[in-house]
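Trainee: The file below is start06.pdb, PDB, C-alpha atoms, pLDDT in the B column:
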ATOM      1  CA  MET A 280      64.323 -22.029 -10.477  1.00 89.00           C
ATOM      2  CA  GLU A 281      64.910 -25.693  -9.804  1.00 90.00           C
ATOM      3  CA  ILE A 282      62.463 -27.272  -7.356  1.00 92.00           C
ATOM      4  CA  THR A 283      64.506 -28.647  -4.462  1.00 90.00           C
ATOM      5  CA  GLU A 284      64.571 -32.350  -3.666  1.00 88.00           C
ATOM      6  CA  GLU A 285      63.310 -31.428  -0.226  1.00 88.00           C
ATOM      7  CA  THR A 286      60.164 -29.871  -1.681  1.00 92.00           C
ATOM      8  CA  ILE A 287      59.551 -32.819  -3.992  1.00 93.00           C
ATOM      9  CA  PHE A 288      59.966 -35.280  -1.134  1.00 91.00           C
ATOM     10  CA  LYS A 289      57.640 -33.254   1.020  1.00 91.00           C
ATOM     11  CA  LEU A 290      54.988 -33.718  -1.669  1.00 93.00           C
ATOM     12  CA  ILE A 291      55.671 -37.438  -2.001  1.00 92.00           C
ATOM     13  CA  THR A 292      55.868 -38.178   1.702  1.00 92.00           C
ATOM     14  CA  TYR A 293      52.789 -36.238   2.787  1.00 93.00           C
ATOM     15  CA  SER A 294      50.679 -37.536  -0.110  1.00 94.00           C
ATOM     16  CA  GLY A 295      51.977 -41.067   0.378  1.00 92.00           C
ATOM     17  CA  ALA A 296      51.317 -41.103   4.111  1.00 92.00           C
ATOM     18  CA  ALA A 297      47.839 -39.693   3.536  1.00 95.00           C
ATOM     19  CA  ARG A 298      47.028 -42.344   0.953  1.00 94.00           C
ATOM     20  CA  SER A 299      48.224 -45.077   3.286  1.00 94.00           C
ATOM     21  CA  ASP A 300      45.960 -43.743   6.065  1.00 95.00           C
ATOM     22  CA  ILE A 301      43.012 -43.564   3.661  1.00 97.00           C
ATOM     23  CA  PHE A 302      43.312 -47.205   2.650  1.00 96.00           C
ATOM     24  CA  GLU A 303      43.809 -48.290   6.239  1.00 95.00           C
ATOM     25  CA  ALA A 304      40.734 -46.280   7.233  1.00 97.00           C
ATOM     26  CA  PHE A 305      38.670 -48.168   4.688  1.00 97.00           C
ATOM     27  CA  ARG A 306      39.810 -51.511   6.094  1.00 96.00           C
ATOM     28  CA  LEU A 307      38.826 -50.382   9.587  1.00 97.00           C
ATOM     29  CA  CYS A 308      35.447 -49.295   8.220  1.00 97.00           C
ATOM     30  CA  GLN A 309      34.941 -52.767   6.778  1.00 96.00           C
ATOM     31  CA  ASP A 310      35.511 -54.145  10.284  1.00 96.00           C
ATOM     32  CA  GLY A 311      32.953 -51.709  11.687  1.00 96.00           C
ATOM     33  CA  LYS A 312      35.582 -49.614  13.494  1.00 97.00           C
ATOM     34  CA  TYR A 313      34.145 -46.302  12.329  1.00 97.00           C
ATOM     35  CA  GLU A 314      35.701 -44.036  14.957  1.00 97.00           C
ATOM     36  CA  ASP A 315      39.214 -45.344  14.330  1.00 97.00           C
ATOM     37  CA  ALA A 316      38.584 -44.974  10.614  1.00 97.00           C
ATOM     38  CA  GLU A 317      37.541 -41.339  11.081  1.00 96.00           C
ATOM     39  CA  ILE A 318      40.715 -40.593  13.065  1.00 97.00           C
ATOM     40  CA  LEU A 319      42.815 -41.916  10.192  1.00 96.00           C
ATOM     41  CA  MET A 320      40.790 -39.958   7.623  1.00 97.00           C
ATOM     42  CA  GLU A 321      41.391 -36.792   9.663  1.00 96.00           C
ATOM     43  CA  SER A 322      45.119 -37.483   9.775  1.00 95.00           C
ATOM     44  CA  ALA A 323      45.024 -38.079   6.012  1.00 96.00           C
ATOM     45  CA  LYS A 324      43.216 -34.799   5.483  1.00 95.00           C
ATOM     46  CA  HIS A 325      45.890 -32.964   7.445  1.00 95.00           C
ATOM     47  CA  ASN A 326      48.768 -34.569   5.523  1.00 94.00           C
ATOM     48  CA  LEU A 327      47.046 -34.058   2.204  1.00 94.00           C
ATOM     49  CA  LEU A 328      46.597 -30.384   2.977  1.00 94.00           C
ATOM     50  CA  GLU A 329      50.335 -30.060   3.666  1.00 93.00           C
ATOM     51  CA  ALA A 330      51.090 -31.664   0.314  1.00 93.00           C
ATOM     52  CA  HIS A 331      48.509 -29.563  -1.468  1.00 92.00           C
ATOM     53  CA  ASN A 332      49.897 -26.343   0.016  1.00 93.00           C
ATOM     54  CA  THR A 333      53.385 -27.322  -1.140  1.00 93.00           C
ATOM     55  CA  GLN A 334      52.127 -27.657  -4.693  1.00 93.00           C
ATOM     56  CA  THR A 335      50.064 -24.464  -4.488  1.00 93.00           C
ATOM     57  CA  ASN A 336      53.174 -22.524  -3.432  1.00 92.00           C
ATOM     58  CA  LEU A 337      55.006 -23.785  -6.510  1.00 93.00           C
ATOM     59  CA  ILE A 338      52.121 -22.873  -8.800  1.00 92.00           C
ATOM     60  CA  GLN A 339      51.933 -19.418  -7.269  1.00 92.00           C
ATOM     61  CA  GLN A 340      55.652 -18.903  -7.799  1.00 92.00           C
ATOM     62  CA  GLU A 341      55.256 -19.848 -11.441  1.00 92.00           C
ATOM     63  CA  THR A 342      52.223 -17.645 -12.040  1.00 90.00           C
ATOM     64  CA  GLY A 343      54.219 -14.895 -10.319  1.00 92.00           C
ATOM     65  CA  GLY A 344      56.674 -15.024 -13.221  1.00 93.00           C
ATOM     66  CA  GLU A 345      59.294 -17.429 -11.825  1.00 92.00           C
ATOM     67  CA  GLN A 346      60.641 -19.890 -14.398  1.00 93.00           C
ATOM     68  CA  ILE A 347      60.337 -23.316 -12.752  1.00 92.00           C
ATOM     69  CA  ILE A 348      62.278 -26.337 -13.986  1.00 93.00           C
ATOM     70  CA  VAL A 349      60.232 -29.524 -13.683  1.00 92.00           C
ATOM     71  CA  ARG A 350      62.090 -32.813 -13.204  1.00 90.00           C
ATOM     72  CA  LEU A 351      60.641 -36.270 -13.731  1.00 90.00           C
ATOM     73  CA  LEU A 352      60.707 -36.761  -9.957  1.00 89.00           C
ATOM     74  CA  MET A 353      58.414 -33.730  -9.614  1.00 93.00           C
ATOM     75  CA  VAL A 354      55.991 -35.287 -12.102  1.00 93.00           C
ATOM     76  CA  HIS A 355      56.084 -38.417  -9.975  1.00 91.00           C
ATOM     77  CA  ALA A 356      55.384 -36.385  -6.843  1.00 93.00           C
ATOM     78  CA  GLN A 357      52.330 -34.843  -8.471  1.00 93.00           C
ATOM     79  CA  ASP A 358      51.239 -38.330  -9.482  1.00 92.00           C
ATOM     80  CA  HIS A 359      51.328 -39.209  -5.768  1.00 92.00           C
ATOM     81  CA  LEU A 360      49.316 -36.136  -4.853  1.00 94.00           C
ATOM     82  CA  MET A 361      46.683 -36.594  -7.523  1.00 94.00           C
ATOM     83  CA  THR A 362      46.261 -40.298  -6.743  1.00 93.00           C
ATOM     84  CA  CYS A 363      45.803 -39.426  -3.099  1.00 94.00           C
ATOM     85  CA  ILE A 364      43.201 -36.722  -3.724  1.00 94.00           C
ATOM     86  CA  LEU A 365      41.258 -39.161  -5.890  1.00 95.00           C
ATOM     87  CA  ALA A 366      41.637 -41.951  -3.316  1.00 96.00           C
ATOM     88  CA  LYS A 367      40.279 -39.677  -0.600  1.00 95.00           C
ATOM     89  CA  GLU A 368      37.176 -38.769  -2.625  1.00 95.00           C
ATOM     90  CA  LEU A 369      36.476 -42.336  -3.654  1.00 97.00           C
ATOM     91  CA  VAL A 370      37.168 -43.908  -0.271  1.00 97.00           C
ATOM     92  CA  SER A 371      34.978 -41.332   1.517  1.00 96.00           C
ATOM     93  CA  ASN A 372      32.072 -42.477  -0.639  1.00 96.00           C
ATOM     94  CA  MET A 373      33.032 -46.113  -0.302  1.00 98.00           C
ATOM     95  CA  MET A 374      33.045 -45.779   3.482  1.00 97.00           C
ATOM     96  CA  ASN A 375      29.447 -44.571   3.420  1.00 97.00           C
ATOM     97  CA  MET A 376      28.541 -47.491   1.191  1.00 97.00           C
ATOM     98  CA  GLN A 377      30.385 -49.865   3.494  1.00 97.00           C
ATOM     99  CA  LYS A 378      28.468 -48.601   6.506  1.00 97.00           C
ATOM    100  CA  GLU A 379      25.204 -49.322   4.681  1.00 97.00           C
ATOM    101  CA  ILE A 380      26.459 -52.769   3.701  1.00 97.00           C
ATOM    102  CA  ASN A 381      27.424 -53.514   7.288  1.00 96.00           C
ATOM    103  CA  GLU A 382      24.010 -52.386   8.454  1.00 95.00           C
ATOM    104  CA  ILE A 383      22.208 -54.584   5.918  1.00 96.00           C
ATOM    105  CA  LYS A 384      24.439 -57.524   6.850  1.00 94.00           C
ATOM    106  CA  SER A 385      23.606 -57.134  10.530  1.00 93.00           C
ATOM    107  CA  LYS A 386      19.877 -57.119   9.685  1.00 94.00           C
ATOM    108  CA  ILE A 387      20.160 -60.292   7.610  1.00 92.00           C
ATOM    109  CA  LYS A 388      21.842 -62.069  10.513  1.00 79.00           C
TER     110      LYS A 388
ATOM    111  CA  MET B  43      73.826 -57.217   4.197  1.00 95.00           C
ATOM    112  CA  LYS B  44      71.178 -56.868   1.533  1.00 97.00           C
ATOM    113  CA  ILE B  45      68.507 -54.229   2.098  1.00 97.00           C
ATOM    114  CA  LEU B  46      65.283 -54.027   0.104  1.00 96.00           C
ATOM    115  CA  LEU B  47      63.241 -50.825  -0.054  1.00 96.00           C
ATOM    116  CA  VAL B  48      59.663 -51.132  -1.243  1.00 94.00           C
ATOM    117  CA  CYS B  49      57.428 -48.264  -2.290  1.00 86.00           C
ATOM    118  CA  ALA B  50      54.490 -47.659  -4.598  1.00 78.00           C
ATOM    119  CA  ALA B  51      56.437 -47.279  -7.830  1.00 72.00           C
ATOM    120  CA  GLY B  52      60.051 -47.692  -6.737  1.00 69.00           C
ATOM    121  CA  MET B  53      60.868 -44.224  -8.024  1.00 75.00           C
ATOM    122  CA  SER B  54      61.057 -41.906  -5.032  1.00 80.00           C
ATOM    123  CA  THR B  55      62.717 -44.680  -3.082  1.00 87.00           C
ATOM    124  CA  SER B  56      65.477 -44.892  -5.697  1.00 86.00           C
ATOM    125  CA  LEU B  57      66.644 -41.493  -4.519  1.00 87.00           C
ATOM    126  CA  VAL B  58      66.582 -42.685  -0.908  1.00 91.00           C
ATOM    127  CA  VAL B  59      68.695 -45.677  -1.971  1.00 94.00           C
ATOM    128  CA  ALA B  60      71.265 -43.376  -3.572  1.00 93.00           C
ATOM    129  CA  LYS B  61      71.530 -41.381  -0.327  1.00 93.00           C
ATOM    130  CA  MET B  62      71.781 -44.548   1.769  1.00 95.00           C
ATOM    131  CA  LYS B  63      74.610 -45.883  -0.378  1.00 96.00           C
ATOM    132  CA  LYS B  64      76.539 -42.663   0.218  1.00 95.00           C
ATOM    133  CA  SER B  65      76.261 -43.272   3.962  1.00 96.00           C
ATOM    134  CA  LEU B  66      77.743 -46.793   3.884  1.00 96.00           C
ATOM    135  CA  LYS B  67      80.910 -47.297   5.935  1.00 95.00           C
ATOM    136  CA  PRO B  68      84.012 -48.568   4.089  1.00 95.00           C
ATOM    137  CA  GLU B  69      83.563 -52.046   5.633  1.00 95.00           C
ATOM    138  CA  GLU B  70      79.979 -52.067   4.310  1.00 95.00           C
ATOM    139  CA  ALA B  71      81.045 -51.461   0.715  1.00 94.00           C
ATOM    140  CA  ASP B  72      79.706 -54.856  -0.417  1.00 96.00           C
ATOM    141  CA  TRP B  73      76.196 -54.211   0.919  1.00 97.00           C
ATOM    142  CA  VAL B  74      73.352 -54.292  -1.564  1.00 97.00           C
ATOM    143  CA  ILE B  75      70.532 -51.726  -1.352  1.00 97.00           C
ATOM    144  CA  ASP B  76      67.738 -51.901  -3.919  1.00 94.00           C
ATOM    145  CA  ALA B  77      64.356 -50.234  -4.466  1.00 93.00           C
ATOM    146  CA  ILE B  78      61.393 -52.028  -5.997  1.00 91.00           C
ATOM    147  CA  PRO B  79      57.670 -51.371  -6.469  1.00 89.00           C
ATOM    148  CA  ALA B  80      55.285 -53.272  -4.180  1.00 88.00           C
ATOM    149  CA  GLU B  81      54.188 -55.519  -7.070  1.00 87.00           C
ATOM    150  CA  SER B  82      57.617 -57.196  -7.177  1.00 90.00           C
ATOM    151  CA  PHE B  83      57.834 -57.754  -3.424  1.00 93.00           C
ATOM    152  CA  GLU B  84      57.052 -61.475  -3.341  1.00 93.00           C
ATOM    153  CA  THR B  85      59.400 -62.422  -6.151  1.00 94.00           C
ATOM    154  CA  GLU B  86      62.292 -60.353  -4.733  1.00 94.00           C
ATOM    155  CA  ILE B  87      62.145 -60.751  -0.966  1.00 96.00           C
ATOM    156  CA  ASP B  88      64.130 -64.020  -0.822  1.00 96.00           C
ATOM    157  CA  ASN B  89      67.234 -62.215  -2.053  1.00 95.00           C
ATOM    158  CA  TYR B  90      67.344 -59.805   0.914  1.00 97.00           C
ATOM    159  CA  ASP B  91      68.039 -59.694   4.668  1.00 97.00           C
ATOM    160  CA  VAL B  92      65.998 -56.640   5.660  1.00 97.00           C
ATOM    161  CA  VAL B  93      62.925 -54.992   4.120  1.00 97.00           C
ATOM    162  CA  LEU B  94      62.021 -51.315   4.558  1.00 96.00           C
ATOM    163  CA  LEU B  95      58.698 -49.911   3.397  1.00 95.00           C
ATOM    164  CA  GLY B  96      58.061 -46.351   2.250  1.00 92.00           C
ATOM    165  CA  PRO B  97      55.565 -44.488   4.477  1.00 90.00           C
ATOM    166  CA  GLN B  98      53.081 -44.637   1.584  1.00 89.00           C
ATOM    167  CA  LEU B  99      52.922 -48.424   2.044  1.00 91.00           C
ATOM    168  CA  LYS B 100      52.203 -48.422   5.758  1.00 90.00           C
ATOM    169  CA  PHE B 101      48.692 -49.724   5.083  1.00 91.00           C
ATOM    170  CA  LYS B 102      50.172 -52.816   3.410  1.00 91.00           C
ATOM    171  CA  LYS B 103      52.521 -53.650   6.270  1.00 94.00           C
ATOM    172  CA  ASN B 104      50.446 -56.487   7.738  1.00 92.00           C
ATOM    173  CA  GLN B 105      49.927 -58.070   4.348  1.00 93.00           C
ATOM    174  CA  LEU B 106      53.643 -57.920   3.455  1.00 94.00           C
ATOM    175  CA  GLU B 107      54.663 -59.043   6.931  1.00 95.00           C
ATOM    176  CA  GLU B 108      52.744 -62.272   6.402  1.00 95.00           C
ATOM    177  CA  VAL B 109      55.233 -63.067   3.654  1.00 95.00           C
ATOM    178  CA  ALA B 110      58.355 -61.789   5.421  1.00 95.00           C
ATOM    179  CA  LYS B 111      57.798 -63.205   8.906  1.00 95.00           C
ATOM    180  CA  PRO B 112      57.858 -66.940   8.079  1.00 96.00           C
ATOM    181  CA  LYS B 113      61.128 -66.315   6.244  1.00 95.00           C
ATOM    182  CA  GLY B 114      62.592 -64.566   9.305  1.00 95.00           C
ATOM    183  CA  ILE B 115      63.190 -61.369   7.363  1.00 96.00           C
ATOM    184  CA  PRO B 116      62.603 -58.207   9.425  1.00 97.00           C
ATOM    185  CA  LEU B 117      60.251 -55.663   7.828  1.00 97.00           C
ATOM    186  CA  GLU B 118      59.458 -52.138   9.026  1.00 96.00           C
ATOM    187  CA  VAL B 119      58.044 -48.858   7.753  1.00 96.00           C
ATOM    188  CA  ILE B 120      60.519 -45.999   7.324  1.00 95.00           C
ATOM    189  CA  ASN B 121      59.951 -43.048   9.637  1.00 92.00           C
ATOM    190  CA  MET B 122      57.989 -40.373   7.744  1.00 90.00           C
ATOM    191  CA  ALA B 123      60.238 -37.485   8.777  1.00 90.00           C
ATOM    192  CA  ASP B 124      63.413 -39.349   7.727  1.00 93.00           C
ATOM    193  CA  TYR B 125      61.839 -40.342   4.428  1.00 92.00           C
ATOM    194  CA  GLY B 126      60.512 -36.851   3.736  1.00 89.00           C
ATOM    195  CA  THR B 127      63.897 -35.272   4.310  1.00 90.00           C
ATOM    196  CA  VAL B 128      65.721 -38.118   2.480  1.00 90.00           C
ATOM    197  CA  ARG B 129      67.952 -38.868   5.476  1.00 93.00           C
ATOM    198  CA  GLY B 130      69.827 -41.789   3.946  1.00 94.00           C
ATOM    199  CA  ASP B 131      72.114 -41.971   6.992  1.00 96.00           C
ATOM    200  CA  LYS B 132      69.252 -42.349   9.476  1.00 96.00           C
ATOM    201  CA  ILE B 133      67.368 -44.831   7.300  1.00 97.00           C
ATOM    202  CA  LEU B 134      70.534 -46.894   6.907  1.00 97.00           C
ATOM    203  CA  GLU B 135      71.047 -46.901  10.666  1.00 97.00           C
ATOM    204  CA  PHE B 136      67.434 -48.049  11.052  1.00 97.00           C
ATOM    205  CA  ALA B 137      68.169 -50.980   8.717  1.00 97.00           C
ATOM    206  CA  ARG B 138      71.336 -51.896  10.659  1.00 96.00           C
ATOM    207  CA  GLN B 139      69.375 -52.011  13.911  1.00 96.00           C
ATOM    208  CA  LEU B 140      66.547 -54.043  12.412  1.00 95.00           C
ATOM    209  CA  TYR B 141      69.069 -56.587  11.207  1.00 94.00           C
ATOM    210  CA  GLN B 142      70.907 -56.738  14.549  1.00 92.00           C
ATOM    211  CA  ASN B 143      67.700 -57.181  16.545  1.00 88.00           C
ATOM    212  CA  LYS B 144      66.164 -59.856  14.369  1.00 78.00           C
TER     213      LYS B 144
END
Please express what this file holds, its structure, as structure tokens.
Mentor:
Amino acid sequence: MEITEETIFKLITYSGAARSDIFEAFRLCQDGKYEDAEILMESAKHNLLEAHNTQTNLIQQETGGEQIIVRLLMVHAQDHLMTCILAKELVSNMMNMQKEINEIKSKIK
Amino acid sequence: MKILLVCAAGMSTSLVVAKMKKSLKPEEADWVIDAIPAESFETEIDNYDVVLLGPQLKFKKNQLEEVAKPKGIPLEVINMADYGTVRGDKILEFARQLYQNK
């Protein structure tokens, strides 16, 4: 089975949008806008889940015995997904660090 | 018109470009549509009339707009649904409108 372009683009678009939200959330966190940052992280979580489910479906089809043809574009899509999952983990931790930094800064002032 | 699409690696957007080119009207046959990664944005932008960003670059919009605005080049993020379904026709129409309204 060939993975459709539609499926590949679903992976790319959802992962890409999630990653964009994650980075924007971090910038908001730097500015002390924690609630807005959380809203974006939630939206990222939702989009990332959509992307993740798309990939899980493909993996399940393959483990179910379906022969799946992987194109370079699919590899690229998974690159998007993986980068985004990593970004989410790292930025979540960075946001906690940033909050502590902001707190320390406010005490110094 | 010359349209520049910018995304993270310039790969997924290449497919969008191919679809957009198919949607060009006969009188638009000389239009140029290219895809580049974000890293090349500053060196390439002067050669184009309109810039479209992939939804994955939404977070960089302000930063890229600082470069595009003084040059009078319109820059917008492509609608996520149109990008996800590779609607070259809709994305091309979006570029036409951006150019007309600039």
Trainee: For the provided coordinates, the residues matched by the PyMOL selection byres ((chain A) within 8 of (chain B)) should be stated as a list in words.
Mentor: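 Those residues are Glu285, Phe288, Lys289, Ile291, Thr292, Tyr293, Ser294, Gly295, Ala296, Ala297, Arg298, Ser299, Asp300, Phe302, Glu303, Leu352 and His355 of chain A.
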Trainee: Under the PyMOL selection byres ((chain B and resi 113) around 12), which residues of this model are included? Write them out as an MDAnalysis selection string.
Mentor: chainID B and resid 84 87:93 106:112 114:117 144
Trainee: Once the PyMOL selection byres ((chain B and resi 65) around 10) is applied to the coordinates I shared, what remains selected? I want it as a list in words.
Mentor: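 So the PyMOL selection byres ((chain B and resi 65) around 10), applied here, picks out Val59, Ala60, Lys61, Met62, Lys63, Lys64, Leu66, Lys67, Pro68, Glu70, Arg129, Gly130, Asp131, Lys132, Ile133, Leu134 and Glu135 of chain B.
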Trainee: Could you please determine the separation between atom CA of B:Leu140 and atom CA of A:Cys363 in Å, to one decimal place?
Mentor: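 Atom CA of B:Leu140 sits 29.7 Å away from atom CA of A:Cys363.
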Trainee: So what do you get for atom CA of B:Leu94 versus atom CA of B:Ile120, distance-wise?
Mentor: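 It comes out at 6.2 Å.
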